[in-house]
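Asks: Structure file upload-v3.pdb (PDB, C-alpha atoms) right here:
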MODEL        1
ATOM      1  CA  MET G   3       7.176  22.774   6.421  1.00  0.00           C
ATOM      2  CA  GLY G   4       5.074  20.235   8.300  1.00  0.00           C
ATOM      3  CA  VAL G   5       2.553  17.783   6.955  1.00  0.00           C
ATOM      4  CA  PRO G   6      -0.984  19.192   7.233  1.00  0.00           C
ATOM      5  CA  ALA G   7      -3.620  17.302   9.152  1.00  0.00           C
ATOM      6  CA  ALA G   8      -5.256  14.869   6.768  1.00  0.00           C
ATOM      7  CA  GLY G   9      -8.933  15.381   7.535  1.00  0.00           C
ATOM      8  CA  PRO G  10     -11.462  14.422   4.887  1.00  0.00           C
ATOM      9  CA  THR G  11     -10.234  13.992   1.351  1.00  0.00           C
ATOM     10  CA  PRO G  12     -11.068  17.170  -0.594  1.00  0.00           C
ATOM     11  CA  GLY G  13     -13.112  17.026  -3.763  1.00  0.00           C
ATOM     12  CA  ARG G  14     -14.734  13.652  -3.134  1.00  0.00           C
ATOM     13  CA  ARG G  15     -17.020  12.474  -5.908  1.00  0.00           C
ATOM     14  CA  PRO G  16     -18.222   9.130  -7.276  1.00  0.00           C
ATOM     15  CA  PRO G  17     -15.102   7.436  -8.666  1.00  0.00           C
ATOM     16  CA  LEU G  18     -16.760   6.457 -11.957  1.00  0.00           C
ATOM     17  CA  ASP G  19     -19.652   7.861 -13.968  1.00  0.00           C
ATOM     18  CA  PRO G  20     -21.551   4.890 -15.478  1.00  0.00           C
ATOM     19  CA  ILE G  21     -21.885   6.742 -18.779  1.00  0.00           C
ATOM     20  CA  ASP G  22     -18.121   6.390 -19.200  1.00  0.00           C
ATOM     21  CA  GLY G  23     -17.864   2.730 -18.176  1.00  0.00           C
ATOM     22  CA  GLY G  24     -20.515   0.930 -20.187  1.00  0.00           C
ATOM     23  CA  GLY G  25     -23.234   1.552 -17.620  1.00  0.00           C
ATOM     24  CA  LEU G  26     -21.238   0.215 -14.651  1.00  0.00           C
ATOM     25  CA  ASP G  27     -20.427   2.079 -11.459  1.00  0.00           C
ATOM     26  CA  ALA G  28     -17.105   1.426  -9.714  1.00  0.00           C
ATOM     27  CA  PRO G  29     -18.209  -1.401  -7.342  1.00  0.00           C
ATOM     28  CA  ALA G  30     -20.007  -3.240 -10.151  1.00  0.00           C
ATOM     29  CA  ALA G  31     -17.028  -2.777 -12.459  1.00  0.00           C
ATOM     30  CA  LEU G  32     -14.564  -4.151  -9.894  1.00  0.00           C
ATOM     31  CA  ASP G  33     -16.778  -7.155  -9.186  1.00  0.00           C
ATOM     32  CA  LEU G  34     -17.088  -7.913 -12.890  1.00  0.00           C
ATOM     33  CA  LEU G  35     -13.355  -7.494 -13.464  1.00  0.00           C
ATOM     34  CA  ARG G  36     -12.524  -9.864 -10.622  1.00  0.00           C
ATOM     35  CA  HIS G  37     -15.034 -12.615 -11.364  1.00  0.00           C
ATOM     36  CA  GLY G  38     -16.154 -12.285 -14.983  1.00  0.00           C
ATOM     37  CA  GLU G  39     -15.133 -14.522 -17.860  1.00  0.00           C
ATOM     38  CA  LEU G  40     -12.729 -12.857 -20.293  1.00  0.00           C
ATOM     39  CA  THR G  41     -13.099 -13.325 -24.036  1.00  0.00           C
ATOM     40  CA  VAL G  42     -10.392 -11.740 -26.170  1.00  0.00           C
ATOM     41  CA  SER G  43     -11.903  -9.802 -29.077  1.00  0.00           C
ATOM     42  CA  ALA G  44      -8.939  -7.847 -30.462  1.00  0.00           C
ATOM     43  CA  ARG G  45      -5.386  -6.710 -29.863  1.00  0.00           C
ATOM     44  CA  LEU G  46      -4.529  -3.015 -29.682  1.00  0.00           C
ATOM     45  CA  ALA G  47      -1.744  -3.000 -32.241  1.00  0.00           C
ATOM     46  CA  ASP G  48      -0.259   0.405 -31.345  1.00  0.00           C
ATOM     47  CA  ALA G  49       0.586  -0.627 -27.770  1.00  0.00           C
ATOM     48  CA  SER G  50       4.201  -1.556 -26.974  1.00  0.00           C
ATOM     49  CA  ASN G  51       3.128  -4.394 -24.654  1.00  0.00           C
ATOM     50  CA  ALA G  52       0.476  -7.031 -25.326  1.00  0.00           C
ATOM     51  CA  THR G  53      -2.790  -5.146 -24.810  1.00  0.00           C
ATOM     52  CA  LEU G  54      -5.964  -7.110 -25.456  1.00  0.00           C
ATOM     53  CA  TYR G  55      -9.488  -5.773 -25.837  1.00  0.00           C
ATOM     54  CA  CYS G  56     -11.879  -8.165 -24.108  1.00  0.00           C
ATOM     55  CA  ASP G  57     -15.535  -8.751 -23.499  1.00  0.00           C
ATOM     56  CA  ILE G  58     -16.203  -9.774 -19.920  1.00  0.00           C
ATOM     57  CA  THR G  59     -19.358 -11.408 -18.564  1.00  0.00           C
ATOM     58  CA  ALA G  60     -20.643 -12.701 -15.236  1.00  0.00           C
ATOM     59  CA  GLY G  61     -24.220 -13.955 -15.359  1.00  0.00           C
ATOM     60  CA  ASP G  62     -26.368 -11.220 -16.851  1.00  0.00           C
ATOM     61  CA  VAL G  63     -23.716  -8.512 -16.289  1.00  0.00           C
ATOM     62  CA  ALA G  64     -21.448  -7.675 -19.205  1.00  0.00           C
ATOM     63  CA  GLY G  65     -18.778  -5.114 -19.966  1.00  0.00           C
ATOM     64  CA  ARG G  66     -15.538  -4.459 -21.803  1.00  0.00           C
ATOM     65  CA  CYS G  67     -12.007  -4.251 -20.528  1.00  0.00           C
ATOM     66  CA  VAL G  68      -8.341  -4.121 -21.429  1.00  0.00           C
ATOM     67  CA  TYR G  69      -6.311  -7.153 -20.394  1.00  0.00           C
ATOM     68  CA  LYS G  70      -2.501  -6.937 -20.285  1.00  0.00           C
ATOM     69  CA  PRO G  71      -0.923 -10.327 -19.517  1.00  0.00           C
ATOM     70  CA  VAL G  72       2.390 -10.225 -17.661  1.00  0.00           C
ATOM     71  CA  ARG G  73       3.911 -12.591 -20.212  1.00  0.00           C
ATOM     72  CA  GLY G  74       3.260  -9.972 -22.910  1.00  0.00           C
ATOM     73  CA  GLU G  75       5.334  -7.262 -21.206  1.00  0.00           C
ATOM     74  CA  GLN G  76       8.461  -6.159 -23.052  1.00  0.00           C
ATOM     75  CA  ALA G  77      11.663  -6.063 -21.040  1.00  0.00           C
ATOM     76  CA  LEU G  78      12.831  -2.595 -19.993  1.00  0.00           C
ATOM     77  CA  TRP G  79      16.336  -1.569 -18.963  1.00  0.00           C
ATOM     78  CA  ASP G  80      15.203   0.414 -15.942  1.00  0.00           C
ATOM     79  CA  PHE G  81      12.211  -1.543 -14.579  1.00  0.00           C
ATOM     80  CA  PRO G  82      12.287  -5.130 -13.286  1.00  0.00           C
ATOM     81  CA  ASP G  83      10.781  -7.696 -15.652  1.00  0.00           C
ATOM     82  CA  GLY G  84       7.191  -8.744 -15.076  1.00  0.00           C
ATOM     83  CA  THR G  85       6.249  -5.825 -12.806  1.00  0.00           C
ATOM     84  CA  LEU G  86       4.254  -3.502 -15.063  1.00  0.00           C
ATOM     85  CA  ALA G  87       0.837  -5.018 -14.343  1.00  0.00           C
ATOM     86  CA  ALA G  88       1.359  -4.627 -10.598  1.00  0.00           C
ATOM     87  CA  ARG G  89       2.391  -0.992 -11.097  1.00  0.00           C
ATOM     88  CA  GLU G  90      -0.831  -0.375 -13.019  1.00  0.00           C
ATOM     89  CA  LEU G  91      -2.787  -1.698 -10.045  1.00  0.00           C
ATOM     90  CA  ALA G  92      -0.675   0.353  -7.618  1.00  0.00           C
ATOM     91  CA  ALA G  93      -1.535   3.514  -9.557  1.00  0.00           C
ATOM     92  CA  TYR G  94      -5.218   2.588  -9.367  1.00  0.00           C
ATOM     93  CA  GLU G  95      -4.939   2.006  -5.604  1.00  0.00           C
ATOM     94  CA  VAL G  96      -3.565   5.532  -5.076  1.00  0.00           C
ATOM     95  CA  SER G  97      -6.212   7.095  -7.319  1.00  0.00           C
ATOM     96  CA  ALA G  98      -9.037   5.095  -5.740  1.00  0.00           C
ATOM     97  CA  HIS G  99      -7.970   5.712  -2.143  1.00  0.00           C
ATOM     98  CA  LEU G 100      -8.072   9.456  -2.687  1.00  0.00           C
ATOM     99  CA  ASP G 101     -11.286   9.308  -4.770  1.00  0.00           C
ATOM    100  CA  LEU G 102      -9.522  11.033  -7.642  1.00  0.00           C
ATOM    101  CA  GLY G 103     -11.400   9.091 -10.327  1.00  0.00           C
ATOM    102  CA  ILE G 104      -8.342   9.246 -12.606  1.00  0.00           C
ATOM    103  CA  VAL G 105      -7.472   5.575 -13.142  1.00  0.00           C
ATOM    104  CA  PRO G 106     -10.345   3.328 -14.286  1.00  0.00           C
ATOM    105  CA  PRO G 107     -11.219   0.322 -12.074  1.00  0.00           C
ATOM    106  CA  THR G 108      -8.294  -2.097 -12.258  1.00  0.00           C
ATOM    107  CA  VAL G 109      -7.506  -5.559 -10.889  1.00  0.00           C
ATOM    108  CA  LEU G 110      -4.857  -8.254 -11.143  1.00  0.00           C
ATOM    109  CA  ARG G 111      -6.306 -11.605 -12.186  1.00  0.00           C
ATOM    110  CA  ASP G 112      -5.802 -14.742 -14.213  1.00  0.00           C
ATOM    111  CA  GLY G 113      -6.832 -14.634 -17.863  1.00  0.00           C
ATOM    112  CA  PRO G 114      -6.550 -16.478 -21.163  1.00  0.00           C
ATOM    113  CA  PHE G 115      -2.780 -15.838 -21.262  1.00  0.00           C
ATOM    114  CA  GLY G 116      -2.046 -16.044 -17.555  1.00  0.00           C
ATOM    115  CA  GLU G 117      -1.938 -13.442 -14.808  1.00  0.00           C
ATOM    116  CA  GLY G 118      -2.297  -9.867 -15.901  1.00  0.00           C
ATOM    117  CA  MET G 119      -3.919  -6.509 -15.385  1.00  0.00           C
ATOM    118  CA  ALA G 120      -7.596  -6.092 -16.284  1.00  0.00           C
ATOM    119  CA  GLN G 121      -8.934  -2.541 -16.499  1.00  0.00           C
ATOM    120  CA  LEU G 122     -12.401  -1.326 -17.345  1.00  0.00           C
ATOM    121  CA  TRP G 123     -12.745   0.036 -20.870  1.00  0.00           C
ATOM    122  CA  ILE G 124     -13.575   3.753 -20.864  1.00  0.00           C
ATOM    123  CA  ASP G 125     -15.588   5.225 -23.712  1.00  0.00           C
ATOM    124  CA  THR G 126     -14.107   8.422 -25.088  1.00  0.00           C
ATOM    125  CA  ASP G 127     -15.446  11.621 -26.557  1.00  0.00           C
ATOM    126  CA  VAL G 128     -13.833  11.522 -30.006  1.00  0.00           C
ATOM    127  CA  THR G 129     -14.717  15.165 -30.659  1.00  0.00           C
ATOM    128  CA  VAL G 130     -12.087  16.340 -28.156  1.00  0.00           C
ATOM    129  CA  ASP G 131      -8.810  17.521 -29.699  1.00  0.00           C
ATOM    130  CA  LEU G 132      -6.128  15.837 -27.581  1.00  0.00           C
ATOM    131  CA  VAL G 133      -3.388  18.237 -28.666  1.00  0.00           C
ATOM    132  CA  ALA G 134      -5.477  21.242 -27.633  1.00  0.00           C
ATOM    133  CA  LEU G 135      -6.480  19.476 -24.428  1.00  0.00           C
ATOM    134  CA  THR G 136      -2.892  18.840 -23.318  1.00  0.00           C
ATOM    135  CA  ARG G 137      -2.070  22.507 -23.899  1.00  0.00           C
ATOM    136  CA  SER G 138      -5.028  23.726 -21.858  1.00  0.00           C
ATOM    137  CA  ASP G 139      -5.190  24.645 -18.180  1.00  0.00           C
ATOM    138  CA  ASP G 140      -8.124  22.323 -17.466  1.00  0.00           C
ATOM    139  CA  PRO G 141      -8.238  21.809 -13.668  1.00  0.00           C
ATOM    140  CA  GLN G 142      -8.695  18.072 -14.200  1.00  0.00           C
ATOM    141  CA  LEU G 143      -5.335  17.989 -15.954  1.00  0.00           C
ATOM    142  CA  ARG G 144      -3.784  19.860 -13.045  1.00  0.00           C
ATOM    143  CA  ARG G 145      -4.993  17.079 -10.744  1.00  0.00           C
ATOM    144  CA  ILE G 146      -3.551  14.463 -13.103  1.00  0.00           C
ATOM    145  CA  ALA G 147      -0.244  16.371 -13.221  1.00  0.00           C
ATOM    146  CA  LEU G 148      -0.055  16.226  -9.427  1.00  0.00           C
ATOM    147  CA  PHE G 149      -0.975  12.539  -9.461  1.00  0.00           C
ATOM    148  CA  ASP G 150       1.801  11.859 -11.986  1.00  0.00           C
ATOM    149  CA  ALA G 151       4.319  13.694  -9.813  1.00  0.00           C
ATOM    150  CA  VAL G 152       3.315  11.494  -6.882  1.00  0.00           C
ATOM    151  CA  ILE G 153       3.537   8.172  -8.725  1.00  0.00           C
ATOM    152  CA  ASN G 154       6.610   9.271 -10.736  1.00  0.00           C
ATOM    153  CA  ASN G 155       4.969   8.591 -14.082  1.00  0.00           C
ATOM    154  CA  ALA G 156       7.630   8.100 -16.747  1.00  0.00           C
ATOM    155  CA  ASP G 157       5.216   8.067 -19.692  1.00  0.00           C
ATOM    156  CA  ARG G 158       2.297  10.534 -19.635  1.00  0.00           C
ATOM    157  CA  LYS G 159       1.604  10.736 -23.346  1.00  0.00           C
ATOM    158  CA  GLY G 160      -1.336  12.646 -24.772  1.00  0.00           C
ATOM    159  CA  GLY G 161      -2.901   9.366 -25.875  1.00  0.00           C
ATOM    160  CA  HIS G 162      -2.929   8.195 -22.255  1.00  0.00           C
ATOM    161  CA  LEU G 163      -5.577  10.816 -21.453  1.00  0.00           C
ATOM    162  CA  LEU G 164      -9.159   9.749 -22.098  1.00  0.00           C
ATOM    163  CA  PRO G 165     -11.735  12.559 -22.314  1.00  0.00           C
ATOM    164  CA  ALA G 166     -14.991  10.715 -21.583  1.00  0.00           C
ATOM    165  CA  PRO G 167     -18.649  11.424 -22.428  1.00  0.00           C
ATOM    166  CA  SER G 168     -19.320  12.624 -18.857  1.00  0.00           C
ATOM    167  CA  GLY G 169     -16.740  15.387 -19.247  1.00  0.00           C
ATOM    168  CA  ARG G 170     -14.246  13.644 -17.008  1.00  0.00           C
ATOM    169  CA  ILE G 171     -10.670  13.004 -18.069  1.00  0.00           C
ATOM    170  CA  HIS G 172      -9.307   9.583 -17.180  1.00  0.00           C
ATOM    171  CA  GLY G 173      -5.680   8.506 -17.251  1.00  0.00           C
ATOM    172  CA  ILE G 174      -4.413   5.102 -18.396  1.00  0.00           C
ATOM    173  CA  ASP G 175      -1.154   3.199 -19.030  1.00  0.00           C
ATOM    174  CA  HIS G 176       0.613   3.459 -15.674  1.00  0.00           C
ATOM    175  CA  GLY G 177       3.014   0.551 -16.076  1.00  0.00           C
ATOM    176  CA  VAL G 178       6.188   2.641 -15.826  1.00  0.00           C
ATOM    177  CA  THR G 179       5.581   4.306 -12.486  1.00  0.00           C
ATOM    178  CA  PHE G 180       6.854   4.232  -8.885  1.00  0.00           C
ATOM    179  CA  HIS G 181      10.531   4.032  -9.844  1.00  0.00           C
ATOM    180  CA  PRO G 182      12.723   5.117  -6.890  1.00  0.00           C
ATOM    181  CA  GLU G 183      14.707   7.478  -9.157  1.00  0.00           C
ATOM    182  CA  GLY G 184      13.186  10.633 -10.606  1.00  0.00           C
ATOM    183  CA  LYS G 185      11.752   9.707 -13.998  1.00  0.00           C
ATOM    184  CA  LEU G 186       8.812  12.075 -14.477  1.00  0.00           C
ATOM    185  CA  ARG G 187       8.091  12.447 -18.210  1.00  0.00           C
ATOM    186  CA  THR G 188       4.869  14.129 -19.171  1.00  0.00           C
ATOM    187  CA  LEU G 189       3.151  16.528 -21.534  1.00  0.00           C
ATOM    188  CA  LEU G 190       1.483  18.189 -18.547  1.00  0.00           C
ATOM    189  CA  TRP G 191       4.085  20.796 -17.601  1.00  0.00           C
ATOM    190  CA  THR G 192       1.629  23.710 -17.627  1.00  0.00           C
ATOM    191  CA  TRP G 193       1.794  23.959 -13.818  1.00  0.00           C
ATOM    192  CA  ARG G 194       5.557  23.463 -13.388  1.00  0.00           C
ATOM    193  CA  GLY G 195       6.836  25.394 -10.399  1.00  0.00           C
ATOM    194  CA  ARG G 196       3.414  26.724  -9.436  1.00  0.00           C
ATOM    195  CA  ARG G 197       2.397  26.815  -5.794  1.00  0.00           C
ATOM    196  CA  LEU G 198       0.136  24.069  -4.505  1.00  0.00           C
ATOM    197  CA  VAL G 199      -3.263  25.304  -3.404  1.00  0.00           C
ATOM    198  CA  ALA G 200      -4.767  24.377  -0.039  1.00  0.00           C
ATOM    199  CA  GLU G 201      -6.867  21.555  -1.518  1.00  0.00           C
ATOM    200  CA  GLU G 202      -3.798  19.991  -3.130  1.00  0.00           C
ATOM    201  CA  ARG G 203      -1.842  20.195   0.101  1.00  0.00           C
ATOM    202  CA  ALA G 204      -4.742  18.569   1.939  1.00  0.00           C
ATOM    203  CA  LEU G 205      -4.849  15.816  -0.663  1.00  0.00           C
ATOM    204  CA  LEU G 206      -1.140  15.135  -0.210  1.00  0.00           C
ATOM    205  CA  GLY G 207      -1.630  15.171   3.555  1.00  0.00           C
ATOM    206  CA  CYS G 208      -4.296  12.468   3.221  1.00  0.00           C
ATOM    207  CA  LEU G 209      -1.935  10.400   1.102  1.00  0.00           C
ATOM    208  CA  HIS G 210       0.971  10.875   3.508  1.00  0.00           C
ATOM    209  CA  GLU G 211      -1.183   9.519   6.329  1.00  0.00           C
ATOM    210  CA  ALA G 212      -2.625   6.681   4.229  1.00  0.00           C
ATOM    211  CA  LEU G 213       0.819   5.405   3.257  1.00  0.00           C
ATOM    212  CA  ALA G 214       1.443   4.652   6.908  1.00  0.00           C
ATOM    213  CA  GLY G 215      -1.784   2.610   7.062  1.00  0.00           C
ATOM    214  CA  ASP G 216      -3.917   0.360   4.894  1.00  0.00           C
ATOM    215  CA  LEU G 217      -2.900   1.920   1.579  1.00  0.00           C
ATOM    216  CA  GLY G 218       0.755   1.380   2.367  1.00  0.00           C
ATOM    217  CA  ASP G 219       0.016  -2.264   3.202  1.00  0.00           C
ATOM    218  CA  ARG G 220      -1.740  -2.790  -0.143  1.00  0.00           C
ATOM    219  CA  LEU G 221       1.017  -1.078  -2.107  1.00  0.00           C
ATOM    220  CA  ALA G 222       3.669  -3.175  -0.336  1.00  0.00           C
ATOM    221  CA  GLU G 223       2.233  -6.200  -2.154  1.00  0.00           C
ATOM    222  CA  LEU G 224       2.676  -4.493  -5.537  1.00  0.00           C
ATOM    223  CA  ILE G 225       5.925  -2.493  -5.426  1.00  0.00           C
ATOM    224  CA  THR G 226       9.210  -2.908  -3.557  1.00  0.00           C
ATOM    225  CA  VAL G 227      10.034  -1.489  -0.145  1.00  0.00           C
ATOM    226  CA  THR G 228      12.506   0.889  -1.807  1.00  0.00           C
ATOM    227  CA  GLU G 229       9.832   2.107  -4.218  1.00  0.00           C
ATOM    228  CA  LEU G 230       7.309   2.536  -1.406  1.00  0.00           C
ATOM    229  CA  ASP G 231       9.813   4.550   0.627  1.00  0.00           C
ATOM    230  CA  ALA G 232      10.536   6.692  -2.440  1.00  0.00           C
ATOM    231  CA  LEU G 233       6.798   7.302  -2.906  1.00  0.00           C
ATOM    232  CA  ALA G 234       6.490   8.538   0.677  1.00  0.00           C
ATOM    233  CA  ALA G 235       9.566  10.729   0.172  1.00  0.00           C
ATOM    234  CA  ARG G 236       8.078  12.289  -2.976  1.00  0.00           C
ATOM    235  CA  VAL G 237       4.863  13.116  -1.152  1.00  0.00           C
ATOM    236  CA  HIS G 238       6.818  14.688   1.700  1.00  0.00           C
ATOM    237  CA  ARG G 239       9.001  16.644  -0.734  1.00  0.00           C
ATOM    238  CA  LEU G 240       5.983  18.005  -2.590  1.00  0.00           C
ATOM    239  CA  LEU G 241       4.497  19.141   0.712  1.00  0.00           C
ATOM    240  CA  ASP G 242       7.786  20.631   1.852  1.00  0.00           C
ATOM    241  CA  ASP G 243       8.408  22.476  -1.438  1.00  0.00           C
ATOM    242  CA  GLY G 244       4.764  23.525  -1.741  1.00  0.00           C
ATOM    243  CA  ARG G 245       5.083  23.592  -5.540  1.00  0.00           C
ATOM    244  CA  PHE G 246       4.654  21.446  -8.597  1.00  0.00           C
ATOM    245  CA  PRO G 247       7.984  19.949  -9.699  1.00  0.00           C
ATOM    246  CA  LEU G 248      10.136  21.402 -12.457  1.00  0.00           C
ATOM    247  CA  PRO G 249      11.392  19.343 -15.418  1.00  0.00           C
ATOM    248  CA  SER G 250      14.555  17.411 -14.655  1.00  0.00           C
ATOM    249  CA  ARG G 251      17.830  18.412 -16.300  1.00  0.00           C
ATOM    250  CA  ASP G 252      19.025  14.802 -16.080  1.00  0.00           C
ATOM    251  CA  TRP G 253      16.057  13.016 -17.668  1.00  0.00           C
ATOM    252  CA  PRO G 254      14.028  13.757 -20.831  1.00  0.00           C
ATOM    253  CA  PRO G 255      10.985  15.675 -19.525  1.00  0.00           C
ATOM    254  CA  ILE G 256       8.654  14.783 -22.413  1.00  0.00           C
ATOM    255  CA  PRO G 257       7.873  11.210 -23.570  1.00  0.00           C
ATOM    256  CA  TRP G 258       8.545  10.178 -27.142  1.00  0.00           C
ATOM    257  CA  PRO G 259       6.458   9.944 -29.138  1.00  0.00           C
ATOM    258  CA  PRO G 260       4.337  12.466 -27.238  1.00  0.00           C
ATOM    259  CA  PHE G 261       1.029  10.971 -28.528  1.00  0.00           C
TER     260      PHE G 261
ENDMDL
END
For this file, produce the structure as structure tokens.
Replies:
Amino acid sequence: MGVPAAGPTPGRRPPLDPIDGGGLDAPAALDLLRHGELTVSARLADASNATLYCDITAGDVAGRCVYKPVRGEQALWDFPDGTLAARELAAYEVSAHLDLGIVPPTVLRDGPFGEGMAQLWIDTDVTVDLVALTRSDDPQLRRIALFDAVINNADRKGGHLLPAPSGRIHGIDHGVTFHPEGKLRTLLWTWRGRRLVAEERALLGCLHEALAGDLGDRLAELITVTELDALAARVHRLLDDGRFPLPSRDWPPIPWPPF
């Protein structure tokens, strides 16, 4: 099955609703993340890697973000040391290029504890039941499930989904992604084996084309050539199969703990 003509990206919408990001739209958030002064306010104790809650200011513009210094990353047996922050940015680049609005604005920058990933803090709607949400067939989750299949997300826990005040669902914690081997672990198996709809095929067609252009150039600075080739192969395989992937028999399909 051939790759469809890319054409315009389907479902385009503003990548960030200011109500979710402390009043900032995406361009303002990226500018603040790149140039603002970081002040560490707290550490998120339940995170496996050093994850710091920060205030960030630049002149009269202020916001909040999560800062994950590279030096605070725990060593993993299957991912090269010191690469998780770059993978977080790579996931943002894919989401942003396709206007998916899944990953909050993210940059790599220097900070109080050295180079790391800085990502805009997203306010959440605490009235949403995350367990019920992950079991639902919300179309936003379907889009995230496809995104995870593309980036080979090895850790889509329920707590990595952020239902926001605008009604959007954001996804965070993409440090263990883009591995060249199949490592998809997720709670979002509702659509396993289902046929891709025309909009999803068009989205993958846009990505297939973009990987041969500017997006591929940006990702080449963040992941290895082998990982970039594997990303392109996954996109092509999804288009060729025309279906969401099935759980692997060789790899645990659900992360632990799931939330």
Asks: Find the distance between atom CA of G:Thr41 and atom CA of G:Pro114 and write it in Å to one decimal.
Replies: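 Separation between atom CA of G:Thr41 and atom CA of G:Pro114: 7.8 Å.
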Asks: Could you work out how far atom CA of G:Ile58 lies from atom CA of G:Glu39, giving the answer in Å with one decimal?
Replies: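 Taking atom CA of G:Glu39 as the start and atom CA of G:Ile58 as the end point, the length is 5.3 Å.
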Asks: List the residues matched by the PyMOL selection byres ((chain G and resi 233) around 10) in the displayed structure as a PDB file with C-alpha atoms, in the frame of the given file, ordered by chain and then by residue number.
Replies:
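Final output, result.pdb:
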ATOM      1  CA  ALA G 151       4.319  13.694  -9.813  1.00  0.00           C
ATOM      2  CA  VAL G 152       3.315  11.494  -6.882  1.00  0.00           C
ATOM      3  CA  ILE G 153       3.537   8.172  -8.725  1.00  0.00           C
ATOM      4  CA  ASN G 154       6.610   9.271 -10.736  1.00  0.00           C
ATOM      5  CA  PHE G 180       6.854   4.232  -8.885  1.00  0.00           C
ATOM      6  CA  HIS G 181      10.531   4.032  -9.844  1.00  0.00           C
ATOM      7  CA  PRO G 182      12.723   5.117  -6.890  1.00  0.00           C
ATOM      8  CA  HIS G 210       0.971  10.875   3.508  1.00  0.00           C
ATOM      9  CA  LEU G 213       0.819   5.405   3.257  1.00  0.00           C
ATOM     10  CA  GLY G 218       0.755   1.380   2.367  1.00  0.00           C
ATOM     11  CA  VAL G 227      10.034  -1.489  -0.145  1.00  0.00           C
ATOM     12  CA  THR G 228      12.506   0.889  -1.807  1.00  0.00           C
ATOM     13  CA  GLU G 229       9.832   2.107  -4.218  1.00  0.00           C
ATOM     14  CA  LEU G 230       7.309   2.536  -1.406  1.00  0.00           C
ATOM     15  CA  ASP G 231       9.813   4.550   0.627  1.00  0.00           C
ATOM     16  CA  ALA G 232      10.536   6.692  -2.440  1.00  0.00           C
ATOM     17  CA  ALA G 234       6.490   8.538   0.677  1.00  0.00           C
ATOM     18  CA  ALA G 235       9.566  10.729   0.172  1.00  0.00           C
ATOM     19  CA  ARG G 236       8.078  12.289  -2.976  1.00  0.00           C
ATOM     20  CA  VAL G 237       4.863  13.116  -1.152  1.00  0.00           C
ATOM     21  CA  HIS G 238       6.818  14.688   1.700  1.00  0.00           C
ATOM     22  CA  ARG G 239       9.001  16.644  -0.734  1.00  0.00           C
TER      23      ARG G 239
END
Asks: Expressed in Å to a single decimal, how great is the separation between atom CA of G:Trp123 and atom CA of G:Pro107?
Replies: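 Separation of atom CA of G:Trp123 and atom CA of G:Pro107: 8.9 Å.
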Asks: Might you spell out which residues the PyMOL selection byres ((chain G and resi 33-35) around 8) would select in the displayed file, as a tab-separated table (two decimals) with C-alpha atoms, in the coordinates of the input?
Replies:
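Below is the file selection_10.tsv, written as the result:
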chain	number	residue	atom	x	y	z
G	29	PRO	CA	-18.21	-1.40	-7.34
G	30	ALA	CA	-20.01	-3.24	-10.15
G	31	ALA	CA	-17.03	-2.78	-12.46
G	32	LEU	CA	-14.56	-4.15	-9.89
G	36	ARG	CA	-12.52	-9.86	-10.62
G	37	HIS	CA	-15.03	-12.62	-11.36
G	38	GLY	CA	-16.15	-12.28	-14.98
G	58	ILE	CA	-16.20	-9.77	-19.92
G	59	THR	CA	-19.36	-11.41	-18.56
G	60	ALA	CA	-20.64	-12.70	-15.24
G	63	VAL	CA	-23.72	-8.51	-16.29
G	64	ALA	CA	-21.45	-7.68	-19.20
G	65	GLY	CA	-18.78	-5.11	-19.97
G	67	CYS	CA	-12.01	-4.25	-20.53
G	108	THR	CA	-8.29	-2.10	-12.26
G	109	VAL	CA	-7.51	-5.56	-10.89
G	120	ALA	CA	-7.60	-6.09	-16.28
G	121	GLN	CA	-8.93	-2.54	-16.50
G	122	LEU	CA	-12.40	-1.33	-17.34
Asks: Which neighbours of G:Phe115 fall inside 10 Å, counting all atoms listed in the file, when residues of the same chain fewer than 4 positions from it are skipped, and could you give them as a list in words?
Replies: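 Surrounding residues, per the criterion: Val42, Tyr69, Lys70, Pro71, Val72, Arg73 and Gly74 of chain G.
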Asks: If you keep C-alpha atoms, can you produce a file of those selected residues as an mmCIF file, keeping the file's coordinate frame?
Replies:
data_model
loop_
_atom_site.group_PDB
_atom_site.id
_atom_site.type_symbol
_atom_site.label_atom_id
_atom_site.label_comp_id
_atom_site.auth_asym_id
_atom_site.auth_seq_id
_atom_site.Cartn_x
_atom_site.Cartn_y
_atom_site.Cartn_z
ATOM 1 C CA VAL G 42 -10.392 -11.740 -26.170
ATOM 2 C CA TYR G 69 -6.311 -7.153 -20.394
ATOM 3 C CA LYS G 70 -2.501 -6.937 -20.285
ATOM 4 C CA PRO G 71 -0.923 -10.327 -19.517
ATOM 5 C CA VAL G 72 2.390 -10.225 -17.661
ATOM 6 C CA ARG G 73 3.911 -12.591 -20.212
ATOM 7 C CA GLY G 74 3.260 -9.972 -22.910
#
Asks: Rank G:Ala52, G:Leu198, G:Ala134, G:Leu18 by their smallest atom-to-atom distance to G:Asp101, using only C-alpha atoms, and report the top residue only.
Replies: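 Nearest candidate to G:Asp101 out of G:Ala52, G:Leu198, G:Ala134, G:Leu18: G:Leu18.
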Asks: For the file shown, what are the residues hit by the PyMOL selection byres ((chain G and resi 165) around 9), laid out as a short mmCIF file (atom, residue, chain, number, x, y, z; two decimals) with C-alpha atoms, in the coordinates of the input?
Replies:
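Once everything was written out, this is result.cif:
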data_model
loop_
_atom_site.label_atom_id
_atom_site.label_comp_id
_atom_site.auth_asym_id
_atom_site.auth_seq_id
_atom_site.Cartn_x
_atom_site.Cartn_y
_atom_site.Cartn_z
CA ASP G 125 -15.59 5.22 -23.71
CA THR G 126 -14.11 8.42 -25.09
CA ASP G 127 -15.45 11.62 -26.56
CA VAL G 128 -13.83 11.52 -30.01
CA VAL G 130 -12.09 16.34 -28.16
CA LEU G 132 -6.13 15.84 -27.58
CA LEU G 135 -6.48 19.48 -24.43
CA LEU G 163 -5.58 10.82 -21.45
CA LEU G 164 -9.16 9.75 -22.10
CA ALA G 166 -14.99 10.72 -21.58
CA PRO G 167 -18.65 11.42 -22.43
CA SER G 168 -19.32 12.62 -18.86
CA GLY G 169 -16.74 15.39 -19.25
CA ARG G 170 -14.25 13.64 -17.01
CA ILE G 171 -10.67 13.00 -18.07
CA HIS G 172 -9.31 9.58 -17.18
CA GLY G 173 -5.68 8.51 -17.25
#
